[in-house]
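Presented below is the structure to which this report refers.
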Amino acid sequence: MTDDVRNIVLGVIAAGLSASLGWLTRTYLWRRKLRRKQAFLGLPTNSESLLVVNREVGGDGVHRFDVFALLELAAVVKDCGAHAQILSHDVARQGFGERTEFCVGGPASNRRMAAHLHSLLPGVRVNTDVEPGPDRGGFQIGSERYRIEPGVAEYVLLARLTAGQDARPVFLFCGQRAITNQAATRYLARNHEKLARKHGNGSFCLLLKVVNSEAYGPDVVEVIADVTRAAQTPIPAAPRPSHRAVG
């Protein structure tokens, strides 16, 4: 074998080893990234998850923006190699922790969301008055209040909550309007890596603000605050007025 042939053979071998090493490295990094995503979302390969859908306020169907939210979540579940079951809020009568749950919609249109807020986030109150008014649809989180400005400034809670170390998480997307529910699901899909780095696999509750949805739809979202502590602390009951006996 001449020197030229030997150099060509060695070059081919080196190129093959380099390509194989590069492929193995990319595969390892991809699998590690996938495992982290699965751990944060509670979606191991071939696991089951639950998507709880609300109904449109004042109607019997599902609002189109809530349908879009479900599509966002279904894509996330599929990317993790898991499976999703969609249930209406009024038939999802089961506990939480066995399967990862994604619950969409405010308490006025989603009974299960109302139950989750009562049990897991007792520091959150949502105004569900039927009659129009400035506080309708507003949030109270601890002592702070957040009114809705339709199409201009709207709020949504994005929460990841667990009932124990080995329990699967429940994700809440509790918005003041249907478009804010979609904004929260999209924010989770786009920012799960950042959220996992900051919060790990623990519980958190974020207050998000959807800016100018009339122009930008669900795409422009600001994180207003991490309200985990306030949301998990029960709001003190209002003191009852005292009545003095007259005599």
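For the structure tokens, the naming scheme is as follows: chains receive sequential letters (A, B, ...) according to their order of presentation, residues are indexed from 1 within each chain, and ligands are indexed from 1 in presentation order.
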- Those of stretch 8-247 of chain A in DSSP strand (DSSP E), formatted as a ChimeraX atom specification: /A:48-53,83-88,100-104,124-126,139-141,144-146,153-161,170-175,204-211,221-226
Need the shell around A:Asp166: protein/DNA/RNA residues with any atom at most 12 Å away, counting only C-alpha atoms. Skip same-chain ones fewer than 4 positions apart. Format as a short mmCIF file (atom, residue, chain, number, x, y, z; two decimals) with C-alpha atoms, in the first residue's frame?
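Wrote it out as out.cif, contents follow:
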data_model
loop_
_atom_site.label_atom_id
_atom_site.label_comp_id
_atom_site.auth_asym_id
_atom_site.auth_seq_id
_atom_site.Cartn_x
_atom_site.Cartn_y
_atom_site.Cartn_z
CA ALA A 39 -39.58 15.06 33.79
CA GLY A 42 -44.56 14.57 33.97
CA PHE A 96 -54.99 13.98 40.55
CA GLY A 97 -51.43 12.74 40.77
CA GLU A 98 -51.72 9.46 38.89
CA ARG A 99 -51.65 11.09 35.45
CA THR A 100 -50.37 14.46 34.35
CA THR A 162 -47.96 18.53 42.63
CA ASN A 201 -39.87 19.86 39.10
CA GLY A 202 -41.58 21.68 41.97
#
- Counting only C-alpha atoms, the option among A:Leu172, A:Ala184, A:Val124, A:Cys80 closest to A:Val52: A:Leu172
- Note on the structure: Shortest contact to A:Ala215, candidates A:Pro44, A:Pro150, A:Gly138, A:Gly61, atoms counted only C-alpha atoms, goes to A:Pro150
Could you name the residues that touch A:Asn127 at 12 Å or less, counting only C-alpha atoms, but leaving out those on the same chain fewer than 2 positions away, as a compact mmCIF listing (two decimals) with all heavy atoms, in the first residue's frame?
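Result file follows (selection-v7.txt):
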# COMPACT_ATOMS: atom_id res chain seq x y z
N GLY A 106 -61.21 29.21 33.00
CA GLY A 106 -61.49 29.78 34.31
C GLY A 106 -62.58 29.03 35.05
O GLY A 106 -63.27 28.18 34.48
N PRO A 107 -62.77 29.33 36.33
CA PRO A 107 -63.75 28.60 37.14
C PRO A 107 -65.19 28.82 36.71
O PRO A 107 -66.05 27.99 37.03
CB PRO A 107 -63.50 29.14 38.56
CG PRO A 107 -62.87 30.47 38.36
CD PRO A 107 -62.05 30.34 37.12
N ALA A 108 -65.48 29.89 35.99
CA ALA A 108 -66.85 30.12 35.53
C ALA A 108 -67.26 29.13 34.45
O ALA A 108 -68.45 28.84 34.30
CB ALA A 108 -67.00 31.55 35.01
N ALA A 114 -62.35 25.21 39.09
CA ALA A 114 -62.84 25.78 40.35
C ALA A 114 -62.43 24.91 41.53
O ALA A 114 -62.02 25.42 42.58
CB ALA A 114 -64.36 25.92 40.29
N VAL A 124 -56.33 32.42 45.60
CA VAL A 124 -56.80 32.99 44.34
C VAL A 124 -58.32 33.03 44.34
O VAL A 124 -58.98 32.03 44.64
CB VAL A 124 -56.31 32.17 43.13
CG1 VAL A 124 -56.92 32.69 41.84
CG2 VAL A 124 -54.80 32.18 43.05
N ARG A 125 -58.85 34.17 44.01
CA ARG A 125 -60.29 34.31 43.81
C ARG A 125 -60.54 34.94 42.45
O ARG A 125 -59.85 35.89 42.06
CB ARG A 125 -60.92 35.16 44.91
CG ARG A 125 -60.92 34.48 46.29
CD ARG A 125 -61.54 35.36 47.35
NE ARG A 125 -61.49 34.73 48.66
CZ ARG A 125 -61.81 35.34 49.80
NH1 ARG A 125 -62.22 36.62 49.76
NH2 ARG A 125 -61.74 34.71 50.95
N ASP A 129 -69.09 36.90 38.49
CA ASP A 129 -70.40 37.52 38.40
C ASP A 129 -70.94 37.46 36.98
O ASP A 129 -70.20 37.67 36.01
CB ASP A 129 -70.33 38.99 38.85
CG ASP A 129 -70.09 39.13 40.34
OD1 ASP A 129 -70.27 38.12 41.05
OD2 ASP A 129 -69.72 40.23 40.79
N VAL A 130 -72.21 37.18 36.87
CA VAL A 130 -72.85 37.14 35.57
C VAL A 130 -73.14 38.54 35.05
O VAL A 130 -72.99 38.83 33.85
CB VAL A 130 -74.16 36.32 35.64
CG1 VAL A 130 -74.87 36.32 34.29
CG2 VAL A 130 -73.86 34.90 36.08
N GLU A 131 -73.53 39.42 35.96
CA GLU A 131 -73.86 40.78 35.56
C GLU A 131 -72.60 41.57 35.21
O GLU A 131 -71.57 41.44 35.88
CB GLU A 131 -74.61 41.50 36.69
CG GLU A 131 -75.95 40.86 37.03
CD GLU A 131 -76.91 40.91 35.85
OE1 GLU A 131 -76.86 41.91 35.09
OE2 GLU A 131 -77.70 39.96 35.68
N PRO A 132 -72.66 42.40 34.17
CA PRO A 132 -71.50 43.22 33.80
C PRO A 132 -71.10 44.17 34.91
O PRO A 132 -71.94 44.65 35.67
CB PRO A 132 -71.99 43.98 32.56
CG PRO A 132 -73.14 43.20 32.05
CD PRO A 132 -73.79 42.58 33.25
N GLY A 133 -69.81 44.42 35.03
CA GLY A 133 -69.29 45.34 36.03
C GLY A 133 -67.79 45.44 35.90
O GLY A 133 -67.16 44.60 35.23
N PRO A 134 -67.17 46.43 36.52
CA PRO A 134 -65.73 46.62 36.37
C PRO A 134 -64.89 45.49 36.94
O PRO A 134 -63.75 45.29 36.51
CB PRO A 134 -65.46 47.93 37.12
CG PRO A 134 -66.61 48.05 38.08
CD PRO A 134 -67.79 47.46 37.38
N ASP A 135 -65.44 44.74 37.89
CA ASP A 135 -64.68 43.66 38.51
C ASP A 135 -64.98 42.30 37.92
O ASP A 135 -64.38 41.29 38.33
CB ASP A 135 -64.95 43.62 40.02
CG ASP A 135 -64.41 44.85 40.74
OD1 ASP A 135 -63.32 45.31 40.36
OD2 ASP A 135 -65.07 45.34 41.67
N ARG A 136 -65.90 42.24 36.98
CA ARG A 136 -66.26 40.95 36.39
C ARG A 136 -65.05 40.32 35.71
O ARG A 136 -64.36 40.96 34.90
CB ARG A 136 -67.38 41.14 35.37
CG ARG A 136 -67.85 39.84 34.73
CD ARG A 136 -68.91 40.10 33.69
NE ARG A 136 -69.36 38.87 33.06
CZ ARG A 136 -70.20 38.81 32.04
NH1 ARG A 136 -70.70 39.93 31.54
NH2 ARG A 136 -70.55 37.65 31.52
N GLY A 137 -64.75 39.07 36.05
CA GLY A 137 -63.61 38.36 35.48
C GLY A 137 -62.28 38.71 36.13
O GLY A 137 -61.25 38.16 35.76
N GLY A 138 -62.30 39.62 37.10
CA GLY A 138 -61.07 40.04 37.74
C GLY A 138 -60.48 38.98 38.65
O GLY A 138 -61.18 38.11 39.16
N PHE A 139 -59.17 39.07 38.88
CA PHE A 139 -58.45 38.17 39.78
C PHE A 139 -58.16 38.90 41.09
O PHE A 139 -57.84 40.09 41.09
CB PHE A 139 -57.11 37.74 39.18
CG PHE A 139 -57.22 36.76 38.04
CD1 PHE A 139 -56.09 36.41 37.31
CD2 PHE A 139 -58.43 36.19 37.68
CE1 PHE A 139 -56.16 35.52 36.25
CE2 PHE A 139 -58.51 35.30 36.63
CZ PHE A 139 -57.37 34.97 35.91
N GLN A 140 -58.25 38.16 42.17
CA GLN A 140 -57.66 38.59 43.43
C GLN A 140 -56.67 37.52 43.85
O GLN A 140 -57.02 36.35 44.01
CB GLN A 140 -58.71 38.78 44.53
CG GLN A 140 -58.09 39.21 45.86
CD GLN A 140 -59.09 39.37 46.99
OE1 GLN A 140 -60.30 39.28 46.77
NE2 GLN A 140 -58.62 39.58 48.19
N ILE A 141 -55.42 37.92 44.01
CA ILE A 141 -54.36 37.01 44.43
C ILE A 141 -53.76 37.60 45.70
O ILE A 141 -53.06 38.61 45.64
CB ILE A 141 -53.29 36.83 43.35
CG1 ILE A 141 -53.94 36.41 42.03
CG2 ILE A 141 -52.25 35.81 43.78
CD1 ILE A 141 -52.99 36.40 40.85
N ARG A 145 -55.34 42.89 43.28
CA ARG A 145 -56.45 42.68 42.34
C ARG A 145 -56.00 43.04 40.92
O ARG A 145 -55.25 44.00 40.73
CB ARG A 145 -57.67 43.52 42.75
CG ARG A 145 -58.23 43.12 44.12
CD ARG A 145 -59.40 44.00 44.52
NE ARG A 145 -59.89 43.69 45.85
CZ ARG A 145 -60.81 42.78 46.13
NH1 ARG A 145 -61.37 42.10 45.13
NH2 ARG A 145 -61.19 42.55 47.37
N TYR A 146 -56.52 42.28 39.96
CA TYR A 146 -56.15 42.47 38.57
C TYR A 146 -57.42 42.46 37.72
O TYR A 146 -58.03 41.41 37.51
CB TYR A 146 -55.18 41.38 38.11
CG TYR A 146 -53.93 41.29 38.95
CD1 TYR A 146 -53.89 40.48 40.09
CD2 TYR A 146 -52.80 42.03 38.62
CE1 TYR A 146 -52.74 40.42 40.87
CE2 TYR A 146 -51.66 41.96 39.39
CZ TYR A 146 -51.64 41.16 40.52
OH TYR A 146 -50.50 41.10 41.30
N ARG A 147 -57.81 43.64 37.26
CA ARG A 147 -58.99 43.77 36.41
C ARG A 147 -58.64 43.49 34.96
O ARG A 147 -57.50 43.69 34.52
CB ARG A 147 -59.58 45.18 36.53
CG ARG A 147 -60.31 45.45 37.84
CD ARG A 147 -60.87 46.86 37.84
NE ARG A 147 -61.71 47.12 39.00
CZ ARG A 147 -62.28 48.30 39.24
NH1 ARG A 147 -62.08 49.31 38.41
NH2 ARG A 147 -63.04 48.45 40.31
N ILE A 148 -59.64 43.08 34.23
CA ILE A 148 -59.46 42.81 32.81
C ILE A 148 -59.76 44.05 31.98
O ILE A 148 -60.71 44.78 32.28
CB ILE A 148 -60.37 41.63 32.37
CG1 ILE A 148 -60.18 41.33 30.89
CG2 ILE A 148 -61.82 41.93 32.68
CD1 ILE A 148 -60.96 40.12 30.42
N GLY A 175 -57.46 31.61 32.65
CA GLY A 175 -57.41 32.94 32.07
C GLY A 175 -58.71 33.71 32.19
O GLY A 175 -59.78 33.14 32.45
N GLN A 176 -58.61 35.00 31.99
CA GLN A 176 -59.78 35.86 32.04
C GLN A 176 -60.60 35.78 30.76
O GLN A 176 -61.78 36.12 30.76
CB GLN A 176 -59.35 37.31 32.31
CG GLN A 176 -58.75 37.50 33.69
CD GLN A 176 -58.27 38.92 33.94
OE1 GLN A 176 -57.78 39.58 33.02
NE2 GLN A 176 -58.40 39.38 35.17
- Item | Who sits within 12 Å of A:Ala153, only C-alpha atoms, same chain under 4 positions skipped, as JSON, numbers by chain | {"A": [138, 146, 147, 148, 149, 175, 176, 177, 179, 180, 208, 209, 210, 211, 212, 213, 214, 215, 216, 217, 218, 220, 221, 222, 224]}
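Minimum atom-to-atom distance to A:Arg111, evaluated using only C-alpha atoms, belongs to A:Val91 out of A:Gly200, A:Val126, A:Val91, A:His192.
Residue neighbourhood of A:Leu157, excluding near-sequence residues (fewer than 5 positions): Phe173, Cys174, Leu206 and Leu207 of chain A, at 6 Å, using only C-alpha atoms.
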Serialized selection, C-alpha atoms, as a PDB file, in the first residue's frame:
ATOM      1  CA  PHE A 173     -54.272  27.563  32.542  1.00  0.00           C
ATOM      2  CA  CYS A 174     -56.773  29.867  34.205  1.00  0.00           C
ATOM      3  CA  LEU A 206     -47.090  32.563  37.541  1.00  0.00           C
ATOM      4  CA  LEU A 207     -49.277  35.542  36.700  1.00  0.00           C
TER       5      LEU A 207
END
